[in-house]
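Below: the structure, in structure tokens.
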Amino acid sequence: MVHIIPSRGTHLILIALLLVSVLGITTVASVRGQNTLDAQLQEAIATHGITALAPAPASSAAQIELGRLLFFDKLLSGNRDIACATCHHPTLASGDGLCLPVGTGGVGLGPDRKIGHEHRFVPRNAPEIFNRGDPLWTSQFWDSRMTRQPDGSINSPAGAQLPGVDVLDTVLTAQAMFPVTSRDEMRGKAGDVDIYGQPNEIALLDDTDFSGIWQALMTRVLAVPAYVDRFALAYPDVPVEELGFEHAARAIGVFEADAFTLLDSPWDRYLRGDMGALSDDAKRGALLFYGDAGCVSCHSGPLMTDQQHHNIAVPQLGPGKGAESPLDYGHGRETGVESDYFTFRTPPLRNVSVTGPYMHNGAYHSLEAVIEHHGDPATALQTFDVDQHLPTALRDTCQDDPALIATMLSNVDPLLQEPLDLSAQQVADLVAFLEALTDPAVADLEQMIPATVPSGLPVQDTVEWFYLPLIRGRP
């Protein structure tokens with residue numbers, strides 16, 4: 001018998017073939033694993049009816065530009081010291097970076113904005129305003145005190161004083177009517193003087209005189225010739241004497257819809273068919289979100305909110321709201337129904353990785369903490385650490401009375417009553433998915449800030465230098 005002894009070259013060839021075979025098997029396994037994740041996720045997307053969001057409805061360029069100027073103009077505040085943009089700033093992911101906003105009388109911009117003398121925090125967190133122009137929205141505010149009815153009419157705190165849907169045809173445009181009426185946010189207190197030392201005439205009006213407040217503001221605005229010209233361009237068929245604050249609010253709303261509609265997050269790209277847009281971690285997180293973690297029960301649909309109200313036992317903190325201060329009954333303030341106490345509308349999640357602090361009062365600063373709270377609200381409420389989660393100015397406002405805690409826990413949403421035991425890896429995967437909801441364009445919104453506004457009031461406040469990298473994603 002002849003024995004053939006392989007040469008050194010033959011050995012190398014055999015080794016190479018073996019490596020190719022092994023690598024090939026590994027690659028196939030990897031592809032199959034990837035395909036399995038995608039197949040499962042595509043099934044979940046179909047099951048829950050998730051579709052990509054549509055672009056904002058088209059509006060006239062003149063209305064958008066008018067809205068942009070008004071959005072950044074402090075003329076709309078009673079003391080001429082705060083604009084819509086102060087609490088919804090483009091360099092702060094359309095929020096203010098604070099647990100609770102600092103309204104009129106405050107100084108600065110961003111997380112280090114300071115409360116003015118004899119003023120207080122605004123009771124609820126300033127929400128981000130991304131994608132609010134989508135027609136799927138039927139409510140506004142944390143307590144949904146403004147809602148669009150099936151017939152198109154809008155319910156609001158102003159009742160019959162709210163102008164009709166011929167101008168305010170969406171909940172977003174109607175919402176813009178109300179921050180200017182809030183004493184804490186923009187209107188100020190009776191007896192206030194503005195930045196020029198002149199009496200604040202807007203603050204002298206009664207809180208329920210919405211029509212009077214809006215008329216007084218419009219008198220201010222139309223006293224500026226450049227605004228008269230801007231309104232003529234935006235509403236060429238409306239005589240100047242027929243212009244109302246609803247025309248200003250509509251312009252602000254269409255500007256917000258145009259400027260803050262962002263549709264190119266990794267998740268958006270995945271929904272449009274780019275299977276490589278999400279990492280495997282994010283895909284696993286999405287499967288948890290739409291599966292075992294149950295997040296989709298409330299964060300449903302393309303907007304990632306059911307627009308319903310839930311008590312998830314978020315600690316009560318801040319000045320509180322209305323007669324119940326220092327408590328905030330949330331949606332229960334609107335319904336008067338005890339079972340609605342401490343319920344708040346489910347927030348949407350687009351760009352959520354950069355829009356903290358989270359919850360209706362900014363109780364948490366990290367997505368991990370938010371996930372942990374959802375996993376076991378009872379434990380989270382009972383062990384809430386004010387030193388860890390709250391700035392010094394809010395620590396003493398946290399309500400920790402045992403009777404209150406027991407009351408809140410007695411009405412926790414049934415969806416969250418059973419603790420959810422998530423591993424550290426599952427939490428990390430959920431965070432990866434939530435981060436994939438952020439459009440990179442969120443870091444480049446400062447171009448919308450005008451250099452000047454028609455009133456001549458200053459546009460720019462100071463954003464603390466250390467905060468911007470958190471938005472931009474840089475170390």
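Numbering starts fresh at 1 for the residues of each chain in the structure tokens, the chains themselves are lettered A, B, ... in the order given, and ligands are numbered from 1 as they appear.
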| Which of range 97-207 of chain A DSSP labels helix (DSSP H, G or I), written as a ChimeraX atom specification | /A:159-161,171-175,179-181,183-187
| said: I'd like the contact shell of Pro101 in chain A - 10 Å cut-off, only C-alpha atoms, skipping same-chain residues fewer than 3 positions apart - returned as a ChimeraX atom specification. | reply: /A:86-87,95-98,104,106,110-111,113-115,120-127,184-185,361-362
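Among the candidate residues A:Ser77, A:Ser279, A:Asn311, A:Ser182, the one lying nearest to Glu201 in chain A is A:Ser77, with distances computed using only C-alpha atoms.
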| note | Counting only C-alpha atoms, closest pick from A:Leu136, A:Ala286, A:Arg68, A:Pro239 relative to Ala83 in chain A is A:Arg68
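The protein and nucleic acid residues lying at most 8 Å from Arg230 in chain A are Ala62, Leu66, Ala226 and Ala234 of chain A, with only C-alpha atoms considered and sequence neighbours fewer than 4 positions away removed.
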Would you mind exporting N, CA and C atoms of the selected residues as an mmCIF file, in the first residue's frame?
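Once everything was written out, this is part-v2.cif:
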```
data_model
loop_
_atom_site.group_PDB
_atom_site.id
_atom_site.type_symbol
_atom_site.label_atom_id
_atom_site.label_comp_id
_atom_site.auth_asym_id
_atom_site.auth_seq_id
_atom_site.Cartn_x
_atom_site.Cartn_y
_atom_site.Cartn_z
ATOM 1 N N ALA A 62 -45.710 81.893 5.147
ATOM 2 C CA ALA A 62 -45.890 83.140 5.890
ATOM 3 C C ALA A 62 -46.415 82.870 7.301
ATOM 4 N N LEU A 66 -44.335 83.665 10.759
ATOM 5 C CA LEU A 66 -44.972 84.453 11.816
ATOM 6 C C LEU A 66 -44.936 83.676 13.133
ATOM 7 N N ALA A 226 -44.174 95.910 12.487
ATOM 8 C CA ALA A 226 -43.645 94.751 11.762
ATOM 9 C C ALA A 226 -44.549 93.540 11.918
ATOM 10 N N ALA A 234 -49.530 86.529 6.477
ATOM 11 C CA ALA A 234 -49.980 85.209 6.907
ATOM 12 C C ALA A 234 -51.484 85.020 6.723
#
```
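Checking A:Phe210, A:Phe141, A:Phe433, A:Phe130 one by one against Arg345 in chain A, counting only C-alpha atoms, you find the shortest gap at A:Phe141.
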| request: May I have the residues within 7 Å of range 455-458 of chain A as an MDAnalysis selection string, using only C-alpha atoms and disregarding those fewer than 4 positions away in the same chain? | output: chainID A and resid 73:75 224
Could you take the residues named above and write them with N, CA and C atoms, as a PDB file, in the first residue's frame?
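See selection.pdb below for the written result:
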```pdb
ATOM      1  N   ASP A  73     -40.609  85.305  20.861  1.00  0.00           N
ATOM      2  CA  ASP A  73     -40.775  86.699  21.290  1.00  0.00           C
ATOM      3  C   ASP A  73     -41.373  86.767  22.696  1.00  0.00           C
ATOM      4  N   LYS A  74     -40.655  87.427  23.593  1.00  0.00           N
ATOM      5  CA  LYS A  74     -41.104  87.560  24.979  1.00  0.00           C
ATOM      6  C   LYS A  74     -42.241  88.578  25.127  1.00  0.00           C
ATOM      7  N   LEU A  75     -42.616  89.201  24.043  1.00  0.00           N
ATOM      8  CA  LEU A  75     -43.741  90.123  24.064  1.00  0.00           C
ATOM      9  C   LEU A  75     -45.022  89.431  24.513  1.00  0.00           C
ATOM     10  N   VAL A 224     -47.024  96.687  17.200  1.00  0.00           N
ATOM     11  CA  VAL A 224     -45.709  96.598  16.567  1.00  0.00           C
ATOM     12  C   VAL A 224     -45.924  96.560  15.048  1.00  0.00           C
TER      13      VAL A 224
END
```
Could the residues of range 64-143 of chain A that have an atom at most 7 Å from range 442-445 of chain A be listed as JSON lines, each with its closest atom pair and the distance in Å to one decimal, counting only C-alpha atoms and ordered by chain and ascending residue number?
```
{"residue": "A:Pro90", "atom": "CA", "partner": "A:Leu445", "partner_atom": "CA", "distance": 5.3}
{"residue": "A:Thr91", "atom": "CA", "partner": "A:Leu445", "partner_atom": "CA", "distance": 6.4}
{"residue": "A:Ala93", "atom": "CA", "partner": "A:Val442", "partner_atom": "CA", "distance": 6.2}
```
Export, as an mmCIF file, in the first residue's frame, the selected residues with C-alpha atoms.
```cif
data_model
loop_
_atom_site.group_PDB
_atom_site.id
_atom_site.type_symbol
_atom_site.label_atom_id
_atom_site.label_comp_id
_atom_site.auth_asym_id
_atom_site.auth_seq_id
_atom_site.Cartn_x
_atom_site.Cartn_y
_atom_site.Cartn_z
ATOM 1 C CA PRO A 90 -34.524 73.924 20.238
ATOM 2 C CA THR A 91 -31.095 73.528 21.855
ATOM 3 C CA ALA A 93 -34.582 69.053 22.700
#
```
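The shortest atom-to-atom distance to Ser410 in chain A, with only C-alpha atoms taken into account, belongs to A:Ala378 out of A:Ala176, A:Ala378, A:Val254, A:Cys99.
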| request: Please measure the separation of CA of Thr36 in chain A and CA of Leu287 in chain A, giving the value in Å to one decimal. | output: 11.4 Å
| task | Can you check which residues of range 302-357 of chain A DSSP gives as strand (DSSP E or B) on the backbone and send them as a VMD selection string? | result | chain A and resid 309 to 310 316 330 343 to 345
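The space between CA of Glu324 in chain A and CA of Glu118 in chain A spans 20.3 Å.
Picture a line from CA of Ala223 in chain A to CA of Glu242 in chain A; it runs 14.6 Å.
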Please identify all polymer residues within 9 Å of Leu288 in chain A, counting only C-alpha atoms, omitting same-chain residues fewer than 4 positions from it, and present them as an mmCIF file with C-alpha atoms, in the first residue's frame.
```cif
data_model
loop_
_atom_site.group_PDB
_atom_site.id
_atom_site.type_symbol
_atom_site.label_atom_id
_atom_site.label_comp_id
_atom_site.auth_asym_id
_atom_site.auth_seq_id
_atom_site.Cartn_x
_atom_site.Cartn_y
_atom_site.Cartn_z
ATOM 1 C CA LYS A 283 -34.227 44.885 18.233
ATOM 2 C CA ARG A 284 -34.253 42.780 21.386
ATOM 3 C CA ASP A 292 -43.055 40.589 27.640
ATOM 4 C CA ALA A 293 -42.297 44.009 29.169
ATOM 5 C CA GLY A 294 -45.764 45.216 28.135
ATOM 6 C CA CYS A 295 -44.706 48.808 27.386
ATOM 7 C CA GLN A 426 -33.110 43.329 29.357
ATOM 8 C CA ASP A 429 -31.859 46.291 25.595
ATOM 9 C CA LEU A 430 -34.918 48.412 26.367
#
```
